[in-house]
file coords03.cif (mmCIF, C-alpha atoms (C1' of nucleotides))
data_data
#
loop_
_atom_site.label_atom_id
_atom_site.label_comp_id
_atom_site.auth_asym_id
_atom_site.auth_seq_id
_atom_site.Cartn_x
_atom_site.Cartn_y
_atom_site.Cartn_z
CA MET H 26 56.90 155.23 54.65
CA THR H 27 60.00 157.03 53.41
CA LYS H 28 60.53 160.75 53.94
CA GLY H 29 59.72 161.58 50.33
CA GLU H 30 56.42 159.74 50.40
CA ASP H 31 55.57 161.48 53.63
CA THR H 32 56.08 165.01 52.37
CA LYS H 33 54.39 164.15 49.10
CA LEU H 34 51.28 163.16 51.04
CA LYS H 35 51.36 166.43 52.95
CA ILE H 36 51.63 168.32 49.69
CA LEU H 37 48.68 166.44 48.26
CA GLU H 38 46.59 167.06 51.35
CA ILE H 39 47.15 170.81 51.22
CA GLY H 40 46.92 170.87 47.44
CA LEU H 41 43.61 169.02 47.55
CA ASP H 42 42.05 171.52 49.89
CA MET H 43 43.42 174.39 47.86
CA ALA H 44 42.07 172.84 44.66
CA SER H 45 38.61 172.45 46.16
CA GLN H 46 38.52 176.18 46.67
CA VAL H 47 40.14 177.82 43.67
CA GLY H 48 40.28 174.93 41.22
CA LEU H 49 43.07 172.64 40.12
CA GLU H 50 44.46 175.07 37.55
CA PHE H 51 45.03 177.69 40.23
CA VAL H 52 46.99 175.39 42.49
CA THR H 53 50.20 176.89 41.15
CA ILE H 54 53.55 175.45 42.04
CA GLY H 55 54.53 178.71 43.71
CA ALA H 56 51.38 179.02 45.80
CA LEU H 57 51.49 175.39 46.85
CA ALA H 58 55.17 175.72 47.74
CA LYS H 59 54.41 178.70 49.92
CA ALA H 60 51.53 176.89 51.63
CA THR H 61 53.71 173.87 52.37
CA ARG H 62 56.69 176.04 53.27
CA MET H 63 58.85 174.45 50.59
CA SER H 64 60.81 175.78 47.65
CA LYS H 65 59.22 175.65 44.24
CA SER H 66 61.89 173.35 42.90
CA GLY H 67 61.79 171.08 45.92
CA LEU H 68 58.09 170.62 45.56
CA PHE H 69 58.22 170.32 41.81
CA ALA H 70 60.69 167.43 42.03
CA HIS H 71 57.92 165.25 43.46
CA PHE H 72 55.75 165.56 40.37
CA GLN H 73 57.93 166.40 37.33
CA SER H 74 55.07 168.36 35.79
CA LYS H 75 52.01 170.30 36.79
CA GLU H 76 49.77 167.83 35.00
CA ASN H 77 51.18 165.05 37.18
CA LEU H 78 50.50 167.15 40.25
CA GLN H 79 46.90 167.61 39.17
CA ASN H 80 46.47 163.93 38.45
CA ASP H 81 48.05 162.98 41.76
CA ILE H 82 45.76 165.32 43.66
CA LEU H 83 42.73 163.81 41.96
CA ARG H 84 43.92 160.25 42.56
CA TYR H 85 44.51 161.09 46.19
CA ALA H 86 41.03 162.57 46.40
CA GLY H 87 39.64 159.47 44.74
CA GLN H 88 41.19 157.34 47.41
CA LEU H 89 39.74 159.47 50.21
CA PHE H 90 36.39 159.48 48.45
CA SER H 91 36.34 155.74 48.19
CA GLU H 92 37.36 155.27 51.80
CA GLY H 93 35.12 157.96 53.21
CA VAL H 94 32.00 157.80 51.08
CA VAL H 95 31.56 154.59 49.11
CA VAL H 96 33.08 151.84 51.24
CA PRO H 97 31.37 152.82 54.52
CA ALA H 98 28.04 152.99 52.70
CA LEU H 99 28.54 149.50 51.31
CA ARG H 100 28.94 148.26 54.85
CA THR H 101 25.42 149.32 55.78
CA ASP H 102 22.30 147.33 54.98
CA ALA H 103 21.45 147.21 51.30
CA GLY H 104 18.40 149.17 50.20
CA ILE H 105 17.11 152.50 51.40
CA PRO H 106 19.36 152.67 54.48
CA ARG H 107 22.38 152.35 52.24
CA ILE H 108 21.14 155.11 49.98
CA ARG H 109 20.68 157.39 52.96
CA ALA H 110 24.16 156.50 54.22
CA LEU H 111 25.72 157.24 50.85
CA VAL H 112 24.14 160.68 50.73
CA ARG H 113 25.11 161.38 54.31
CA ASN H 114 28.70 160.42 53.55
CA TRP H 115 28.77 162.50 50.40
CA VAL H 116 27.55 165.57 52.24
CA GLU H 117 30.12 165.03 54.94
CA TRP H 118 32.86 164.56 52.35
CA THR H 119 31.79 167.80 50.71
CA SER H 120 31.86 169.72 53.99
CA ARG H 121 35.27 168.35 54.88
CA LEU H 122 37.05 170.21 52.09
CA SER H 123 36.87 173.95 52.45
CA GLY H 124 35.75 174.45 48.86
CA GLY H 125 33.32 171.57 48.57
CA CYS H 126 33.66 168.43 46.48
CA ILE H 127 36.82 168.51 44.42
CA PHE H 128 35.25 166.44 41.66
CA VAL H 129 32.39 168.85 41.18
CA GLN H 130 34.87 171.73 41.07
CA ALA H 131 37.25 170.01 38.70
CA SER H 132 34.50 168.69 36.45
CA ASN H 133 33.43 172.23 35.79
CA ASP H 134 36.99 173.43 35.30
CA PHE H 135 38.09 170.69 32.92
CA LYS H 136 34.97 169.98 30.91
CA ASP H 137 36.54 171.80 27.98
CA ARG H 138 40.22 171.16 28.69
CA PRO H 139 41.30 168.03 26.84
CA GLY H 140 44.04 166.02 28.51
CA THR H 141 44.71 163.29 31.01
CA VAL H 142 43.06 165.25 33.83
CA ARG H 143 39.74 165.49 32.05
CA GLU H 144 40.02 161.86 31.05
CA PHE H 145 40.42 160.88 34.67
CA LEU H 146 37.53 163.08 35.74
CA MET H 147 35.18 161.59 33.19
CA LEU H 148 36.06 158.11 34.35
CA GLN H 149 35.64 159.10 37.99
CA GLN H 150 32.26 160.66 37.36
CA GLU H 151 31.07 157.69 35.33
CA ALA H 152 32.19 155.43 38.14
CA TRP H 153 30.33 157.53 40.68
CA ILE H 154 27.15 157.45 38.63
CA ASP H 155 27.60 153.72 38.27
CA CYS H 156 27.90 153.51 42.02
CA LEU H 157 24.56 155.25 42.37
CA ARG H 158 23.08 152.88 39.83
CA ARG H 159 24.34 149.82 41.68
CA ILE H 160 23.05 151.06 44.98
CA ALA H 161 19.62 151.49 43.43
CA GLN H 162 19.86 148.01 42.03
CA SER H 163 20.69 146.60 45.42
CA ALA H 164 17.64 148.43 46.74
CA VAL H 165 15.60 146.65 44.12
CA ARG H 166 17.04 143.31 45.21
CA ALA H 167 16.33 144.19 48.83
CA GLY H 168 12.72 144.81 47.93
CA ASP H 169 12.89 148.50 48.86
CA PHE H 170 12.49 149.65 45.25
CA ARG H 171 10.16 148.44 42.53
CA LYS H 172 11.58 146.04 39.98
CA ASP H 173 10.62 148.08 36.93
CA ILE H 174 12.49 151.26 37.79
CA ASP H 175 15.01 152.97 35.52
CA LEU H 176 18.34 152.78 37.31
CA ASP H 177 19.99 155.47 35.21
CA GLN H 178 17.09 157.78 35.83
CA PHE H 179 17.42 157.27 39.55
CA ALA H 180 21.15 157.91 39.45
CA PHE H 181 20.63 161.13 37.52
CA GLU H 182 17.99 162.48 39.87
CA MET H 183 19.98 161.47 42.89
CA TYR H 184 23.18 163.11 41.68
CA SER H 185 21.25 166.20 40.66
CA LEU H 186 20.15 166.69 44.23
CA LEU H 187 23.74 166.50 45.40
CA LEU H 188 24.79 169.04 42.81
CA GLY H 189 22.00 171.35 43.88
CA PHE H 190 23.12 170.98 47.45
CA HIS H 191 26.66 171.74 46.39
CA LEU H 192 25.81 175.04 44.71
CA TYR H 193 23.59 176.27 47.52
CA TYR H 194 26.18 175.22 50.03
CA THR H 195 29.34 176.55 48.46
CA LEU H 196 28.29 179.73 46.66
CA LEU H 197 25.20 180.82 48.56
CA LYS H 198 26.25 179.52 51.97
CA ASN H 199 22.65 178.48 52.49
CA GLU H 200 22.21 177.09 55.99
CA ASP H 201 18.96 175.22 55.48
CA ILE H 202 19.99 173.43 52.37
CA GLU H 203 20.88 170.11 53.96
CA GLN H 204 17.30 169.75 55.20
CA ARG H 205 15.97 170.73 51.80
CA GLN H 206 18.12 168.15 50.14
CA GLN H 207 17.11 165.51 52.64
CA ALA H 208 13.44 166.27 52.06
CA ALA H 209 13.99 165.97 48.32
CA LEU H 210 15.82 162.70 48.83
CA GLU H 211 12.93 161.24 50.80
CA ALA H 212 10.51 162.28 48.10
CA LEU H 213 12.77 160.71 45.49
CA ILE H 214 13.01 157.48 47.46
CA GLN H 215 9.27 157.33 47.87
CA ARG H 216 8.71 157.61 44.14
CA TYR H 217 10.79 154.50 43.57
CA GLN H 218 9.26 152.42 46.33
CA PRO H 219 6.82 149.56 45.57
CA MET D 16 25.63 202.85 18.25
CA THR D 17 29.14 204.28 18.14
CA LYS D 18 32.11 202.30 16.90
CA GLY D 19 33.45 201.78 20.40
CA GLU D 20 30.20 200.33 21.69
CA ASP D 21 30.02 198.11 18.66
CA THR D 22 33.46 196.54 19.11
CA LYS D 23 32.89 196.28 22.84
CA LEU D 24 29.83 194.18 22.18
CA LYS D 25 31.79 191.94 19.84
CA ILE D 26 34.44 191.52 22.50
CA LEU D 27 31.82 190.61 25.09
CA GLU D 28 30.20 188.12 22.76
CA ILE D 29 33.43 186.27 22.10
CA GLY D 30 34.55 186.66 25.72
CA LEU D 31 31.29 185.21 26.95
CA ASP D 32 31.63 182.11 24.86
CA MET D 33 35.25 181.73 25.88
CA ALA D 34 34.32 182.15 29.54
CA SER D 35 31.65 179.48 29.31
CA GLN D 36 34.33 177.05 28.26
CA VAL D 37 37.44 177.78 30.29
CA GLY D 38 36.03 180.03 32.99
CA LEU D 39 36.14 183.78 33.50
CA GLU D 40 39.60 183.77 35.08
CA PHE D 41 41.09 182.20 31.98
CA VAL D 42 39.67 184.73 29.60
CA THR D 43 43.00 186.52 29.58
CA ILE D 44 43.46 189.86 27.89
CA GLY D 45 45.98 188.34 25.52
CA ALA D 46 43.83 185.40 24.51
CA LEU D 47 40.75 187.54 24.05
CA ALA D 48 42.73 190.06 22.02
CA LYS D 49 43.93 187.30 19.73
CA ALA D 50 40.41 185.91 19.36
CA THR D 51 39.03 189.32 18.46
CA ARG D 52 42.05 190.20 16.30
CA MET D 53 42.86 193.23 18.39
CA SER D 54 45.90 194.39 20.28
CA LYS D 55 46.02 193.75 24.01
CA SER D 56 46.11 197.44 24.83
CA GLY D 57 43.37 198.31 22.36
CA LEU D 58 41.07 195.77 23.92
CA PHE D 59 42.09 196.65 27.43
CA ALA D 60 41.15 200.29 26.91
CA HIS D 61 37.50 199.26 26.79
CA PHE D 62 37.54 197.88 30.32
CA GLN D 63 40.33 199.54 32.35
CA SER D 64 40.78 196.38 34.40
CA LYS D 65 40.28 192.67 34.13
CA GLU D 66 37.71 192.71 36.90
CA ASN D 67 35.64 195.16 34.85
CA LEU D 68 35.92 192.85 31.88
CA GLN D 69 34.65 189.96 33.97
CA ASN D 70 31.78 192.00 35.36
CA ASP D 71 30.87 193.28 31.91
CA ILE D 72 30.83 189.77 30.51
CA LEU D 73 28.52 188.62 33.29
CA ARG D 74 26.25 191.63 32.91
CA TYR D 75 26.07 190.99 29.19
CA ALA D 76 25.25 187.35 29.88
CA GLY D 77 22.62 188.44 32.38
CA GLN D 78 20.95 190.53 29.72
CA LEU D 79 20.93 187.66 27.22
CA PHE D 80 19.66 185.33 29.93
CA SER D 81 16.82 187.63 30.78
CA GLU D 82 15.86 188.15 27.15
CA GLY D 83 16.28 184.53 26.12
CA VAL D 84 15.12 182.56 29.14
CA VAL D 85 13.03 184.50 31.62
CA VAL D 86 11.05 187.01 29.57
CA PRO D 87 9.82 184.59 26.90
CA ALA D 88 8.71 182.18 29.63
CA LEU D 89 6.73 184.93 31.32
CA ARG D 90 4.86 185.45 28.08
CA THR D 91 3.45 181.92 28.16
CA ASP D 92 0.44 180.84 30.21
CA ALA D 93 1.06 180.83 33.95
CA GLY D 94 1.28 177.47 35.62
CA ILE D 95 2.76 174.23 34.37
CA PRO D 96 3.14 175.37 30.75
CA ARG D 97 5.27 178.27 31.95
CA ILE D 98 7.45 175.97 33.99
CA ARG D 99 8.01 173.75 31.01
CA ALA D 100 8.82 176.78 28.89
CA LEU D 101 11.33 178.07 31.42
CA VAL D 102 13.16 174.75 31.48
CA ARG D 103 13.10 174.52 27.72
CA ASN D 104 14.56 178.01 27.45
CA TRP D 105 17.22 177.28 30.04
CA VAL D 106 18.35 174.17 28.21
CA GLU D 107 18.47 176.07 24.96
CA TRP D 108 20.44 178.88 26.60
CA THR D 109 22.87 176.34 27.94
CA SER D 110 23.36 174.70 24.57
CA ARG D 111 23.87 178.02 22.87
CA LEU D 112 27.18 178.70 24.62
CA SER D 113 29.86 176.22 23.75
CA GLY D 114 30.77 175.61 27.38
CA GLY D 115 27.28 175.55 28.87
CA CYS D 116 25.71 178.05 31.22
CA ILE D 117 28.17 180.78 32.12
CA PHE D 118 26.57 181.27 35.53
CA VAL D 119 27.03 177.65 36.51
CA GLN D 120 30.64 177.85 35.37
CA ALA D 121 31.38 181.10 37.10
CA SER D 122 29.56 180.15 40.29
CA ASN D 123 31.91 177.24 40.67
CA ASP D 124 34.94 179.34 39.83
CA PHE D 125 34.20 182.25 42.12
CA LYS D 126 32.57 180.61 45.11
CA ASP D 127 35.78 181.16 47.08
CA ARG D 128 37.07 184.30 45.35
CA PRO D 129 35.82 187.34 47.22
CA GLY D 130 35.22 190.43 45.11
CA THR D 131 32.70 192.20 42.97
CA VAL D 132 32.42 189.29 40.56
CA ARG D 133 31.34 186.86 43.25
CA GLU D 134 28.99 189.47 44.66
CA PHE D 135 27.31 189.79 41.29
CA LEU D 136 27.10 186.04 40.88
CA MET D 137 25.47 185.54 44.25
CA LEU D 138 22.87 188.18 43.43
CA GLN D 139 22.26 186.66 40.01
CA GLN D 140 21.83 183.18 41.43
CA GLU D 141 19.52 184.39 44.17
CA ALA D 142 17.49 186.20 41.54
CA TRP D 143 17.30 183.08 39.42
CA ILE D 144 16.14 180.99 42.35
CA ASP D 145 13.62 183.67 43.14
CA CYS D 146 12.42 183.45 39.57
CA LEU D 147 11.83 179.74 40.03
CA ARG D 148 9.99 180.43 43.23
CA ARG D 149 7.72 182.99 41.59
CA ILE D 150 6.92 180.73 38.74
CA ALA D 151 5.88 178.05 41.19
CA GLN D 152 3.74 180.58 42.98
CA SER D 153 2.04 181.56 39.78
CA ALA D 154 1.37 177.86 39.22
CA VAL D 155 -0.32 177.79 42.59
CA ARG D 156 -2.42 180.77 41.64
CA ALA D 157 -3.30 179.14 38.36
CA GLY D 158 -4.50 176.08 40.24
CA ASP D 159 -1.84 173.81 38.71
CA PHE D 160 -0.03 173.37 42.03
CA ARG D 161 -1.38 172.74 45.50
CA LYS D 162 -1.67 175.72 47.83
CA ASP D 163 0.36 174.20 50.66
CA ILE D 164 3.58 173.56 48.75
CA ASP D 165 7.00 174.81 49.82
CA LEU D 166 8.10 177.23 47.12
CA ASP D 167 11.77 177.19 48.12
CA GLN D 168 11.76 173.43 48.12
CA PHE D 169 10.37 173.42 44.61
CA ALA D 170 12.95 175.93 43.44
CA PHE D 171 15.75 173.85 44.89
CA GLU D 172 14.62 170.61 43.30
CA MET D 173 13.97 172.29 40.01
CA TYR D 174 17.37 173.96 39.86
CA SER D 175 19.05 170.74 40.95
CA LEU D 176 17.69 169.02 37.86
CA LEU D 177 19.13 171.74 35.67
CA LEU D 178 22.51 171.40 37.37
CA GLY D 179 22.42 167.65 36.88
CA PHE D 180 21.61 168.18 33.24
CA HIS D 181 24.48 170.62 33.00
CA LEU D 182 27.10 168.22 34.31
CA TYR D 183 25.94 165.29 32.19
CA TYR D 184 25.75 167.55 29.18
CA THR D 185 29.02 169.42 29.45
CA LEU D 186 31.46 166.96 30.95
CA LEU D 187 30.03 163.60 30.00
CA LYS D 188 28.51 164.68 26.67
CA ASN D 189 25.57 162.42 27.48
CA GLU D 190 23.15 162.38 24.56
CA ASP D 191 20.07 161.11 26.36
CA ILE D 192 20.24 163.48 29.25
CA GLU D 193 17.65 165.95 27.99
CA GLN D 194 15.02 163.21 28.02
CA ARG D 195 16.13 162.11 31.47
CA GLN D 196 15.83 165.63 32.75
CA GLN D 197 12.44 166.05 31.14
CA ALA D 198 11.21 162.85 32.74
CA ALA D 199 12.45 164.03 36.11
CA LEU D 200 10.76 167.38 35.57
CA GLU D 201 7.43 165.72 34.86
CA ALA D 202 7.76 163.64 38.00
CA LEU D 203 8.61 166.75 39.97
CA ILE D 204 5.63 168.62 38.57
CA GLN D 205 3.31 165.75 39.38
CA ARG D 206 4.41 165.74 43.01
CA TYR D 207 3.34 169.34 43.38
CA GLN D 208 0.00 168.99 41.59
CA PRO D 209 -3.29 168.97 43.53
"C1'" DG F 23 81.75 157.16 60.50
"C1'" DA F 24 82.10 156.89 55.45
"C1'" DC F 25 79.26 157.21 51.35
"C1'" DA F 26 75.87 156.69 47.85
"C1'" DA F 27 71.04 157.90 47.22
"C1'" DG F 28 67.35 160.72 48.04
"C1'" DA F 29 65.35 165.16 49.08
"C1'" DA F 30 65.26 170.07 49.13
"C1'" DC F 31 67.25 174.30 47.66
"C1'" DG F 32 68.29 178.97 45.08
"C1'" DA F 33 68.89 180.93 40.81
"C1'" DA F 34 67.71 181.40 36.38
"C1'" DC F 35 65.21 180.28 31.90
"C1'" DG F 36 61.60 181.86 28.45
"C1'" DT F 37 56.74 182.98 28.45
"C1'" DT F 38 52.58 185.07 29.76
"C1'" DC F 39 50.03 187.67 33.01
"C1'" DG F 40 47.56 192.48 33.86
"C1'" DT F 41 48.60 197.08 33.32
"C1'" DT F 42 50.60 201.65 31.83
"C1'" DC F 43 52.62 204.57 28.80
"C1'" DT F 44 53.00 207.21 24.26
"C1'" DA F 45 52.04 207.34 19.48
"C1'" DT F 46 49.24 206.58 15.55
"C1'" DT F 47 45.08 205.80 13.10
"C1'" DT F 48 40.10 206.25 12.54
"C1'" DT F 49 35.78 208.32 13.41
"C1'" DG F 50 32.12 211.65 13.43
"C1'" DC F 51 30.75 216.45 13.53
"C1'" DG F 52 30.85 221.57 12.16
"C1'" DC A 29 37.59 219.52 4.29
"C1'" DG A 30 39.41 220.23 8.91
"C1'" DC A 31 40.03 218.93 13.45
"C1'" DA A 32 39.12 217.43 18.08
"C1'" DA A 33 37.84 213.21 20.10
"C1'" DA A 34 37.65 208.48 20.14
"C1'" DA A 35 39.71 204.15 19.16
"C1'" DT A 36 43.49 201.21 18.36
"C1'" DA A 37 48.26 199.95 18.28
"C1'" DG A 38 53.06 199.13 19.95
"C1'" DA A 39 56.41 198.81 23.32
"C1'" DA A 40 57.55 198.17 27.82
"C1'" DC A 41 56.83 197.26 33.02
"C1'" DG A 42 57.21 194.06 37.13
"C1'" DA A 43 55.28 189.92 38.72
"C1'" DA A 44 54.16 185.22 38.37
"C1'" DC A 45 53.89 181.16 35.57
"C1'" DG A 46 55.97 176.10 34.75
"C1'" DT A 47 60.30 174.16 34.23
"C1'" DT A 48 65.48 173.18 34.34
"C1'" DC A 49 69.89 173.35 36.30
"C1'" DG A 50 73.63 172.52 39.47
"C1'" DT A 51 74.42 172.53 44.28
"C1'" DT A 52 73.71 171.49 49.09
"C1'" DC A 53 71.70 169.26 52.83
"C1'" DT A 54 69.62 164.99 54.80
"C1'" DT A 55 68.78 160.05 54.86
"C1'" DG A 56 69.54 155.33 55.70
"C1'" DT A 57 73.04 151.43 54.99
"C1'" DC A 58 77.37 149.00 55.22
#

call {"tool": "encode", "arguments": {"input": "coords03.cif", "output": "structure tokens"}}
result
Amino acid sequence: MTKGEDTKLKILEIGLDMASQVGLEFVTIGALAKATRMSKSGLFAHFQSKENLQNDILRYAGQLFSEGVVVPALRTDAGIPRIRALVRNWVEWTSRLSGGCIFVQASNDFKDRPGTVREFLMLQQEAWIDCLRRIAQSAVRAGDFRKDIDLDQFAFEMYSLLLGFHLYYTLLKNEDIEQRQQAALEALIQRYQP
Amino acid sequence: MTKGEDTKLKILEIGLDMASQVGLEFVTIGALAKATRMSKSGLFAHFQSKENLQNDILRYAGQLFSEGVVVPALRTDAGIPRIRALVRNWVEWTSRLSGGCIFVQASNDFKDRPGTVREFLMLQQEAWIDCLRRIAQSAVRAGDFRKDIDLDQFAFEMYSLLLGFHLYYTLLKNEDIEQRQQAALEALIQRYQP
DNA sequence: GACAAGAACGAACGTTCGTTCTATTTTGCG
DNA sequence: CGCAAAATAGAACGAACGTTCGTTCTTGTC
């Protein structure tokens, strides 16, 4: 790892956390430079444009998300245990960043901002929903879910619970919400069982 | 209605729609002045500060929300029909603004921005959740829901579905999502029935 | 230890931000 | 109509924005 790659990673780490709080558009070059104790121009040289910075932050987040949420879940037993693991990992991922899930934040920010950032976000979100779909399918194969269920419907309801958790958790600072969400998850699981 | 109040309303109307798309922080004085064909200073005189503008936009939205979502629902029969009406109104409210529900947008934007705007948003969201709770309670009284249900749990699950709808609708432009959400709502209702 | 390449810097660019003046136009009332 | 008050405009402010430039400091290699 060269020196440049090293500092770039540190920038992305701090930028990611900052973005989870105030949103990608408010991770200004100046503010990020101050937070990393660098000069604006020195930092800027790593990205050539703000759009690149935003994309790099999201790609970096995507990597962490994959490593921290999806992959570990896929290592658990297929079926309901895997679903529970995925949710647990997602909640933990969301609590790790000080502003919650960066993708939820950025999806709201960029839904009406055409460009490469939004394009990336749409792909990421589709991929995430597809992940939920697959995990439901593997639950069907494992015999934990009925065979006639609607996978997309499950993915939607599952993600909705996470989004509900996210709002209660980030804006309202609701303490009990993880239990609420877990209770809702169990009810959701039960509805899809044979 | 004096001339000043009239133009102020027009400003708020356009500002509200703009805010639903790009977020309250990006409704800049300059951009809003251009959109309303006014001068920056002429527009600014109505609000004295940007924070006032943001608060006024949210208060205006709160009024429309109350008139368009809550009040009409309260005029329908208590119980399940009222729940369905509330959801229907919320979806319609969300589709009316070109960027979706302003409160969902702003809640994400301001969750880590201390100030009067966030304070208002937290109160508004608490009030909305309380509205969901009450409507569930009236369903209990009407005999549509069991007596032993957890009202907060219902409110959470209900709002989660709306938030899921919101993301699919605004970012992913998913066409089928209203049906999905309706199906999930019916399943949710059934779980709480006697 | 010399030396090219890479990394970080400070200063400045034009633009836009929110805000504050003063001046001008428009409004509504006697 | 006349005139104060209200409403809008125009110009300017310091600060911050993203970006560019040329320069300096730091690497790693021969």

call {"tool": "axis_aligned_box", "arguments": {"input": "coords03.cif", "around": "range 205-219 of chain H", "padding_each_side": "6 Å", "output": "AutoDock Vina command-line options"}}
result
--center_x 12.5 --center_y 160.1 --center_z 48.1 --size_x 23.3 --size_y 33.2 --size_z 21.1

call {"tool": "residues_around", "arguments": {"input": "coords03.cif", "residues": "range 41-44 of chain F", "least_positions_apart": "5", "cutoff": "9 Å", "atoms": "only C-alpha atoms (C1' of nucleotides)", "output": "JSON, numbers by chain"}}
result
{"D": [56, 59, 63, 64], "A": [39, 40, 41]}

call {"tool": "residues_around", "arguments": {"input": "coords03.cif", "residues": "DA44 in chain A", "least_positions_apart": "4", "cutoff": "10 Å", "atoms": "all atoms listed in the file", "output": "ChimeraX atom specification"}}
result
/H:53,55 /F:38-39

call {"tool": "resolve_selection", "arguments": {"input": "coords03.cif", "expression": "the PyMOL selection byres ((chain D) within 10 of (chain H))", "output": "NGL selection string"}}
result
:D and (35-38 or 40-41 or 113-115 or 119-128 or 133-134 or 136-138 or 140-141 or 167-169 or 171-188 or 192 or 194-196 or 198-200 or 202-203 or 206)

call {"tool": "atom_distance", "arguments": {"input": "coords03.cif", "atom1": "CA of Ile154 in chain H", "atom2": "CA of Ile174 in chain H"}}
result
15.9 Å

call {"tool": "resolve_selection", "arguments": {"input": "coords03.cif", "expression": "the PyMOL selection byres ((chain A) within 12 of (chain D))", "output": "list in words"}}
result
DA34, DA35, DT36, DA37, DG38, DA39 and DA40 of chain A

call {"tool": "residues_around", "arguments": {"input": "coords03.cif", "residues": "DT37 in chain F", "least_positions_apart": "4", "cutoff": "12 Å", "atoms": "all atoms listed in the file", "output": "PDB file with C-alpha atoms (C1' of nucleotides), in the frame of the given file"}}
result
ATOM      1  C1'  DA A  44      54.160 185.220  38.370  1.00  0.00           C
ATOM      2  C1'  DC A  45      53.890 181.160  35.570  1.00  0.00           C
ATOM      3  C1'  DG A  46      55.970 176.100  34.750  1.00  0.00           C
ATOM      4  C1'  DT A  47      60.300 174.160  34.230  1.00  0.00           C
TER       5       DT A  47
END

call {"tool": "atom_distance", "arguments": {"input": "coords03.cif", "atom1": "CA of Lys49 in chain D", "atom2": "CA of Trp108 in chain D"}}
result
25.9 Å

call {"tool": "atom_distance", "arguments": {"input": "coords03.cif", "atom1": "CA of Ala48 in chain D", "atom2": "CA of Asn70 in chain D"}}
result
17.4 Å

call {"tool": "resolve_selection", "arguments": {"input": "coords03.cif", "expression": "the PyMOL selection byres ((chain D and resi 102) around 9)", "output": "list in words"}}
result
Val84, Ala88, Arg97, Ile98, Arg99, Ala100, Leu101, Arg103, Asn104, Trp105, Val106, Glu107, Met173, Leu177, Gln197 and Leu200 of chain D

call {"tool": "closest_residue", "arguments": {"input": "coords03.cif", "among": "F:DC25, F:DG50, F:DG36, F:DA30", "to": "chain D", "atoms": "all atoms listed in the file"}}
result
F:DG50

call {"tool": "closest_residue", "arguments": {"input": "coords03.cif", "among": "F:DA45, F:DA34, F:DA29, F:DA24", "to": "chain H", "atoms": "all atoms listed in the file"}}
result
F:DA29

call {"tool": "closest_residue", "arguments": {"input": "coords03.cif", "among": "F:DG23, F:DC35, F:DG52, F:DG28", "to": "DG30 in chain A", "atoms": "all atoms listed in the file"}}
result
F:DG52

call {"tool": "closest_residue", "arguments": {"input": "coords03.cif", "among": "H:Arg62, H:Val165, H:Asp42, H:Leu57", "to": "chain F", "atoms": "all atoms listed in the file"}}
result
H:Arg62

call {"tool": "residues_near_point", "arguments": {"input": "coords03.cif", "point": "(46.6, 163.3, 30.6)", "cutoff": "10 Å", "atoms": "only C-alpha atoms (C1' of nucleotides)", "output": "list in words"}}
result
Glu76, Asn77, Gln79, Asn80, Pro139, Gly140, Thr141, Val142, Arg143, Glu144 and Phe145 of chain H

call {"tool": "write_last_selection", "arguments": {"input": "coords03.cif", "atoms": "C-alpha atoms", "output": "mmCIF file, in the frame of the given file"}}
result
data_model
loop_
_atom_site.group_PDB
_atom_site.id
_atom_site.type_symbol
_atom_site.label_atom_id
_atom_site.label_comp_id
_atom_site.auth_asym_id
_atom_site.auth_seq_id
_atom_site.Cartn_x
_atom_site.Cartn_y
_atom_site.Cartn_z
ATOM 1 C CA GLU H 76 49.770 167.830 35.000
ATOM 2 C CA ASN H 77 51.180 165.050 37.180
ATOM 3 C CA GLN H 79 46.900 167.610 39.170
ATOM 4 C CA ASN H 80 46.470 163.930 38.450
ATOM 5 C CA PRO H 139 41.300 168.030 26.840
ATOM 6 C CA GLY H 140 44.040 166.020 28.510
ATOM 7 C CA THR H 141 44.710 163.290 31.010
ATOM 8 C CA VAL H 142 43.060 165.250 33.830
ATOM 9 C CA ARG H 143 39.740 165.490 32.050
ATOM 10 C CA GLU H 144 40.020 161.860 31.050
ATOM 11 C CA PHE H 145 40.420 160.880 34.670
#

call {"tool": "build_atoms", "arguments": {"input": "coords03.cif", "residues": "range 149-155 of chain D", "atoms": "N, CA and C atoms", "output": "JSON list (two decimals), in the coordinates of the input"}}
result
[["chain", "number", "residue", "atom", "x", "y", "z"],
["D", 149, "ARG", "N", 8.88, 182.25, 42.09],
["D", 149, "ARG", "CA", 7.72, 182.99, 41.59],
["D", 149, "ARG", "C", 6.90, 182.18, 40.60],
["D", 150, "ILE", "N", 7.62, 181.48, 39.78],
["D", 150, "ILE", "CA", 6.92, 180.73, 38.74],
["D", 150, "ILE", "C", 6.12, 179.58, 39.36],
["D", 151, "ALA", "N", 6.65, 179.06, 40.46],
["D", 151, "ALA", "CA", 5.88, 178.05, 41.19],
["D", 151, "ALA", "C", 4.65, 178.69, 41.83],
["D", 152, "GLN", "N", 4.86, 179.89, 42.35],
["D", 152, "GLN", "CA", 3.74, 180.58, 42.98],
["D", 152, "GLN", "C", 2.63, 180.89, 41.98],
["D", 153, "SER", "N", 3.06, 181.27, 40.79],
["D", 153, "SER", "CA", 2.04, 181.56, 39.78],
["D", 153, "SER", "C", 1.33, 180.28, 39.36],
["D", 154, "ALA", "N", 2.03, 179.15, 39.50],
["D", 154, "ALA", "CA", 1.37, 177.86, 39.22],
["D", 154, "ALA", "C", 0.35, 177.55, 40.30],
["D", 155, "VAL", "N", 0.66, 177.96, 41.51],
["D", 155, "VAL", "CA", -0.32, 177.79, 42.59],
["D", 155, "VAL", "C", -1.56, 178.63, 42.30]]
